[in-house]
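Novice: My questions will all concern the structure given below.
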2 protein chains.
Amino acid sequence: MNTPSFRNWQSVQTEVLRRIHAREWAPGDLIPNEVDLALEFGCARTTVNRALRAVAESGLLDRRRKAGTRVAVQPAAKATLTIPVIRNEIEELGKIYGYRRVKRDLTVPPVAVSQLMHSAGRPLLHVCALHLADELPYAFEDRWIDPDVVPGALKESFETISANEWLLRHAPYTHGEIVFAATSATRDEAAALGCPETAALFTIDRVTWDGDAVVTKVRLLFGPGHKICTVL
Amino acid sequence: MNTPSFRNWQSVQTEVLRRIHAREWAPGDLIPNEVDLALEFGCARTTVNRALRAVAESGLLDRRRKAGTRVAVQPAAKATLTIPVIRNEIEELGKIYGYRRVKRDLTVPPVAVSQLMHSAGRPLLHVCALHLADELPYAFEDRWIDPDVVPGALKESFETISANEWLLRHAPYTHGEIVFAATSATRDEAAALGCPETAALFTIDRVTWDGDAVVTKVRLLFGPGHKICTVL
DNA sequence: TGCGATTTTATGTGCATACATATTAATTTT
DNA sequence: AAAATTAATATGTATGCACATAAAATCGCA
């Protein structure tokens, strides 16, 4: 009945998680070191290491060299959100994706945007569009693109392909930033999304960089009722 | 000038990311296999594997046995949100954390809750509280706890310690679910948070399970202007 | 006693090797 | 020609070993 033999890192991970959840290893506890665990589980230290690393990545364990591994006291839940391209998001709901370009201008942006994108007085490409699910408004996209950083964008009308998808395919980038928030719909936004004014909208603000240069800044406004789910 | 020598997996990862971002390996492209890359980078296959695995986890690479590794066409951005305990969140902002319990009842919950928590007619512990940052309302917590699953909760008044923290320390759980959304403040919520009625509130709904049993269900309402940030 | 230098220790990582597994490609059989 | 079998191949992972690194614990000396 002994030696259940944990031969692969997944089963070690499962056992470690079990012990944590069952409070056999309580929050704050120092757990045995890798060598001892390897001995107990009957596998190599590498295998234990792999498992513990995985659990630590999920935030349930704190590991420090020499100090050892302990169960996190307040495991700041790490939720991994996958933010798909809107088309995919809609199609995965089993709905028909629709796209309508609302605006495409080369204009000098408001100060907040020009400051963020380091465009001092220079005109940027402003593209607004509506994403539809089964003909109904799903999300409103308000985007600024720097033509100096993405020259090809000037040749594109964005009438049939969303800037969302076009940029993914054509604009290199190095990193980005995402901000989630809730905002009240302005009159224009309410009109575009077909919802009452001051409705609570879920918004995603995203800035994408290529080195020092800001490639694009986009605000996505989702209609009332929109949810983003994830498991722990 | 050759052989920049990539001796550790992080530097291999950096180089791989560079190639992807620079479009040397374009979206959809099949990249060289691990053995070849190891040869090129002058390191062991294990090292390349570790690097590619890490990049694949971030969603930028698709890997399949025998089929090889290719650059993701539409890299559904994976944003890892760390949702800290509210106290920590506030203290990390450099503000003073405050806590005020608003309610603690053992009552039969509304249908939606009783259904979710499988409590058919049975009373559950209902705890409402306000989290303050520098004396100002920061978030409103509306929580239901199943006393059959967490017996200890009945003895706790939650007057000085938030259910948030108490449960983390005392209630084992196996998994959970998080939903983000934007909702309009009801009159009560607006009053509690000190914001105008129908203000857009960022909400986090969380359900925590221990095996089949629902441990707790909580709704967190954040005041206007609340943001959740993450990098890509 | 106080404090800097040294040792100890647990994790972090690299490497060579072997084998496992999934999947495609090729080959043989029907 | 279609189906079933077999081979080839890229990734997945286990193992033993060595050494790196961070940080705690200890020692030594003033």
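Just so we're on the same page: first chain in the structure tokens is A, next is B, and so on; residues restart at 1 for each chain, and ligands are numbered from 1 in the order they show up.
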At a cut-off of 7 Å, list the chain B residues touching chain D, using only C-alpha atoms (C1' of nucleotides), as a PDB file with N, CA and C atoms, in the first residue's frame.

Specialist:
ATOM      1  N   ASN B  33      14.109  22.658 -35.712  1.00  0.00           N
ATOM      2  CA  ASN B  33      13.840  21.769 -34.580  1.00  0.00           C
ATOM      3  C   ASN B  33      14.869  21.947 -33.467  1.00  0.00           C
ATOM      4  N   ARG B  64       3.917  20.929 -31.470  1.00  0.00           N
ATOM      5  CA  ARG B  64       3.266  19.621 -31.508  1.00  0.00           C
ATOM      6  C   ARG B  64       4.302  18.579 -31.848  1.00  0.00           C
ATOM      7  N   ARG B  65       4.213  17.487 -31.171  1.00  0.00           N
ATOM      8  CA  ARG B  65       5.177  16.418 -31.416  1.00  0.00           C
ATOM      9  C   ARG B  65       5.164  16.067 -32.894  1.00  0.00           C
ATOM     10  N   LYS B  66       6.323  15.814 -33.352  1.00  0.00           N
ATOM     11  CA  LYS B  66       6.554  15.395 -34.736  1.00  0.00           C
ATOM     12  C   LYS B  66       6.226  16.527 -35.729  1.00  0.00           C
ATOM     13  N   ALA B  67       5.144  17.262 -35.468  1.00  0.00           N
ATOM     14  CA  ALA B  67       4.774  18.350 -36.381  1.00  0.00           C
ATOM     15  C   ALA B  67       5.759  19.498 -36.254  1.00  0.00           C
ATOM     16  N   GLY B  68       6.384  19.616 -35.112  1.00  0.00           N
ATOM     17  CA  GLY B  68       7.353  20.682 -34.938  1.00  0.00           C
ATOM     18  C   GLY B  68       6.797  21.903 -34.237  1.00  0.00           C
TER      19      GLY B  68
END

Novice: Define the interface residues of chain A facing chain B as those within 9 Å, counting only C-alpha atoms, and report them as a VMD selection string.

Specialist: chain A and resid 17 to 18 20 to 23 26 to 27 59 73 to 85 165 168 to 185 198 to 203 208 210 224 to 232

Novice: Counting only C-alpha atoms (C1' of nucleotides), which residues from chain A have an atom at most 12 Å from any atom of chain C, and could you show them as a ChimeraX atom specification?

Specialist: /A:8,30-36,45-46,48-50,52-53,62-69

Novice: Would you export the selected residues with N, CA and C atoms as a compact mmCIF listing (two decimals), in the first residue's frame, please?

Specialist:
# COMPACT_ATOMS: atom_id res chain seq x y z
N ASN A 8 6.45 10.63 -12.68
CA ASN A 8 6.58 11.77 -13.58
C ASN A 8 6.22 13.05 -12.83
N LEU A 30 7.24 25.27 5.93
CA LEU A 30 8.39 24.93 5.11
C LEU A 30 8.22 23.48 4.71
N ILE A 31 8.29 23.20 3.44
CA ILE A 31 8.14 21.81 3.03
C ILE A 31 9.52 21.15 2.91
N PRO A 32 9.55 19.84 2.87
CA PRO A 32 10.84 19.15 2.76
C PRO A 32 11.61 19.61 1.53
N ASN A 33 12.90 19.48 1.59
CA ASN A 33 13.69 19.92 0.44
C ASN A 33 13.62 18.92 -0.71
N GLU A 34 14.10 19.35 -1.85
CA GLU A 34 13.95 18.56 -3.07
C GLU A 34 14.57 17.18 -2.95
N VAL A 35 15.73 17.09 -2.33
CA VAL A 35 16.41 15.80 -2.22
C VAL A 35 15.54 14.82 -1.43
N ASP A 36 15.00 15.30 -0.30
CA ASP A 36 14.18 14.43 0.53
C ASP A 36 12.91 14.00 -0.19
N ARG A 45 15.75 14.20 -8.41
CA ARG A 45 15.51 15.54 -7.89
C ARG A 45 15.00 16.44 -9.00
N THR A 46 15.52 16.25 -10.20
CA THR A 46 15.09 17.04 -11.35
C THR A 46 13.57 17.01 -11.48
N VAL A 48 11.29 16.32 -9.16
CA VAL A 48 10.67 17.08 -8.08
C VAL A 48 10.79 18.57 -8.37
N ASN A 49 11.97 18.97 -8.83
CA ASN A 49 12.21 20.38 -9.12
C ASN A 49 11.21 20.90 -10.15
N ARG A 50 11.01 20.11 -11.18
CA ARG A 50 10.08 20.52 -12.23
C ARG A 50 8.68 20.73 -11.65
N LEU A 52 7.78 21.27 -8.46
CA LEU A 52 7.71 22.38 -7.52
C LEU A 52 7.77 23.72 -8.25
N ARG A 53 8.57 23.79 -9.30
CA ARG A 53 8.64 25.01 -10.07
C ARG A 53 7.27 25.35 -10.64
N ASP A 62 6.30 29.47 -2.33
CA ASP A 62 7.36 30.47 -2.41
C ASP A 62 8.69 29.75 -2.29
N ARG A 63 9.55 29.97 -3.24
CA ARG A 63 10.83 29.28 -3.19
C ARG A 63 11.95 30.29 -3.14
N ARG A 64 12.90 30.02 -2.24
CA ARG A 64 14.09 30.86 -2.20
C ARG A 64 15.29 29.99 -1.94
N ARG A 65 16.33 30.28 -2.65
CA ARG A 65 17.55 29.49 -2.50
C ARG A 65 17.95 29.47 -1.04
N LYS A 66 18.40 28.34 -0.66
CA LYS A 66 18.87 28.14 0.71
C LYS A 66 17.75 28.23 1.75
N ALA A 67 16.85 29.18 1.57
CA ALA A 67 15.77 29.34 2.54
C ALA A 67 14.78 28.19 2.43
N GLY A 68 14.73 27.56 1.25
CA GLY A 68 13.81 26.46 1.07
C GLY A 68 12.49 26.85 0.44
N THR A 69 11.58 25.91 0.43
CA THR A 69 10.29 26.11 -0.22
C THR A 69 9.20 26.12 0.82

Novice: Residues within 12 Å of region 104-117 of chain B, please, as number ranges by chain. Count only C-alpha atoms (C1' of nucleotides); anything in the same chain fewer than 6 positions from it doesn't count.

Specialist: B: 123-129, 141-149, 153-159, 162-163, 206-210, 212-219

Novice: As an NGL selection string, please: all residues of region 70-214 of chain A that backbone DSSP puts in strand (DSSP E or B).

Specialist: :A and (70-71 or 77-83 or 97-107 or 124-133 or 136-145 or 175-184 or 200-210 or 213-214)

Novice: Restricting the output to C-alpha atoms, write the selected residues as a compact mmCIF listing (two decimals), in the first residue's frame.

Specialist:
# COMPACT_ATOMS: atom_id res chain seq x y z
CA ARG A 70 7.26 27.15 1.77
CA VAL A 71 3.55 27.21 1.18
CA ALA A 77 -4.35 34.17 -7.12
CA LYS A 78 -2.73 34.18 -10.50
CA ALA A 79 -5.35 34.15 -13.18
CA THR A 80 -4.15 33.67 -16.68
CA LEU A 81 -6.45 35.44 -19.05
CA THR A 82 -6.25 34.61 -22.68
CA ILE A 83 -7.34 37.60 -24.65
CA TYR A 97 -18.62 37.53 -36.71
CA GLY A 98 -19.32 40.87 -38.30
CA TYR A 99 -17.10 43.87 -38.77
CA ARG A 100 -17.94 47.46 -39.60
CA ARG A 101 -15.36 50.17 -39.96
CA VAL A 102 -16.68 53.41 -38.54
CA LYS A 103 -13.80 55.78 -39.08
CA ARG A 104 -10.34 56.08 -40.59
CA ASP A 105 -8.54 59.39 -40.31
CA LEU A 106 -5.03 60.72 -40.30
CA THR A 107 -5.34 63.34 -37.61
CA LEU A 124 -1.58 59.58 -36.40
CA LEU A 125 -3.87 57.05 -37.98
CA HIS A 126 -7.17 56.88 -36.15
CA VAL A 127 -9.31 53.83 -36.83
CA CYS A 128 -12.64 53.12 -35.17
CA ALA A 129 -14.64 50.01 -35.79
CA LEU A 130 -17.46 47.92 -34.48
CA HIS A 131 -17.26 44.19 -33.95
CA LEU A 132 -20.56 42.37 -34.28
CA ALA A 133 -21.74 39.00 -33.02
CA LEU A 136 -25.44 42.68 -32.74
CA PRO A 137 -22.80 45.12 -31.48
CA TYR A 138 -20.24 43.26 -29.45
CA ALA A 139 -17.31 45.58 -28.99
CA PHE A 140 -16.22 49.00 -30.10
CA GLU A 141 -12.58 49.46 -31.06
CA ASP A 142 -10.98 52.88 -30.89
CA ARG A 143 -7.42 52.71 -32.14
CA TRP A 144 -4.47 54.96 -32.85
CA ILE A 145 -1.63 53.74 -35.03
CA HIS A 175 6.06 44.19 -25.54
CA GLY A 176 2.78 45.62 -24.42
CA GLU A 177 0.59 46.62 -21.57
CA ILE A 178 -3.03 45.86 -20.82
CA VAL A 179 -5.36 47.66 -18.48
CA PHE A 180 -8.82 46.43 -17.55
CA ALA A 181 -11.40 48.79 -16.18
CA ALA A 182 -15.07 49.65 -16.07
CA THR A 183 -16.29 52.88 -17.63
CA SER A 184 -19.59 54.55 -18.20
CA ALA A 200 -21.31 50.09 -17.43
CA LEU A 201 -18.85 49.00 -20.09
CA PHE A 202 -15.99 46.60 -19.66
CA THR A 203 -12.94 48.18 -21.25
CA ILE A 204 -9.57 46.91 -22.25
CA ASP A 205 -6.86 49.43 -22.95
CA ARG A 206 -3.85 48.16 -24.70
CA VAL A 207 -0.58 49.77 -25.68
CA THR A 208 1.87 47.92 -27.88
CA TRP A 209 5.54 48.82 -28.20
CA ASP A 210 8.32 47.99 -30.58
CA ALA A 213 8.31 53.28 -30.18
CA VAL A 214 4.61 52.93 -29.52

Novice: If you measure from CA of Trp25 (chain B) to CA of Phe41 (chain B), what distance in Å do you get, rounded to one decimal?

Specialist: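 Between CA of Trp25 (chain B) and CA of Phe41 (chain B) the gap works out to 16.0 Å.
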
Novice: Within region 17-201 of chain A, find each residue whose DSSP state, derived from the backbone, is helix (DSSP H, G or I), and express the selection as number ranges by chain.

Specialist: A: 17-21, 34-41, 45-57, 86-92, 111-116, 151-155, 163-170, 187-193

Novice: Using C-alpha atoms, can you write the selected residues to a file as a compact mmCIF listing (two decimals), in the first residue's frame?

Specialist:
# COMPACT_ATOMS: atom_id res chain seq x y z
CA LEU A 17 -1.15 20.23 -4.68
CA ARG A 18 -3.14 17.67 -2.75
CA ARG A 19 -1.00 18.14 0.32
CA ILE A 20 -1.31 21.89 0.11
CA HIS A 21 -5.05 21.88 -0.38
CA GLU A 34 13.95 18.56 -3.07
CA VAL A 35 16.41 15.80 -2.22
CA ASP A 36 14.18 14.43 0.53
CA LEU A 37 11.08 14.64 -1.59
CA ALA A 38 12.83 12.89 -4.46
CA LEU A 39 13.76 10.15 -2.03
CA GLU A 40 10.22 9.91 -0.72
CA PHE A 41 8.63 9.94 -4.15
CA ARG A 45 15.51 15.54 -7.89
CA THR A 46 15.09 17.04 -11.35
CA THR A 47 11.59 15.66 -11.45
CA VAL A 48 10.67 17.08 -8.08
CA ASN A 49 12.21 20.38 -9.12
CA ARG A 50 10.08 20.52 -12.23
CA ALA A 51 6.92 19.87 -10.25
CA LEU A 52 7.71 22.38 -7.52
CA ARG A 53 8.64 25.01 -10.07
CA ALA A 54 5.30 24.55 -11.77
CA VAL A 55 3.40 24.89 -8.51
CA ALA A 56 5.48 27.92 -7.55
CA GLU A 57 4.61 29.53 -10.86
CA ILE A 86 -12.10 39.41 -31.17
CA ARG A 87 -13.11 37.47 -34.27
CA ASN A 88 -12.04 34.23 -32.65
CA GLU A 89 -13.70 35.16 -29.40
CA ILE A 90 -17.00 35.63 -31.17
CA GLU A 91 -16.69 32.58 -33.36
CA GLU A 92 -15.94 30.44 -30.35
CA VAL A 111 -2.91 65.39 -25.95
CA ALA A 112 -3.23 62.25 -23.83
CA VAL A 113 -2.66 60.08 -26.87
CA SER A 114 0.07 62.17 -28.51
CA GLN A 115 1.94 62.23 -25.26
CA LEU A 116 1.73 58.49 -24.82
CA PRO A 151 4.28 52.48 -42.56
CA GLY A 152 2.17 49.82 -44.26
CA ALA A 153 -0.85 50.89 -42.26
CA LEU A 154 -1.32 53.97 -44.41
CA LYS A 155 -2.07 51.83 -47.46
CA ALA A 163 -6.87 46.74 -37.43
CA ASN A 164 -6.83 44.20 -34.65
CA GLU A 165 -6.01 41.36 -37.01
CA TRP A 166 -4.03 43.34 -39.58
CA LEU A 167 -1.56 44.59 -37.01
CA LEU A 168 -1.02 41.16 -35.53
CA ARG A 169 0.02 39.97 -38.95
CA HIS A 170 2.05 42.95 -40.08
CA ARG A 187 -23.29 59.21 -25.66
CA ASP A 188 -21.31 58.21 -28.76
CA GLU A 189 -20.25 54.92 -27.32
CA ALA A 190 -23.78 54.13 -26.22
CA ALA A 191 -25.01 54.90 -29.70
CA ALA A 192 -22.39 52.70 -31.34
CA LEU A 193 -22.97 49.78 -29.01
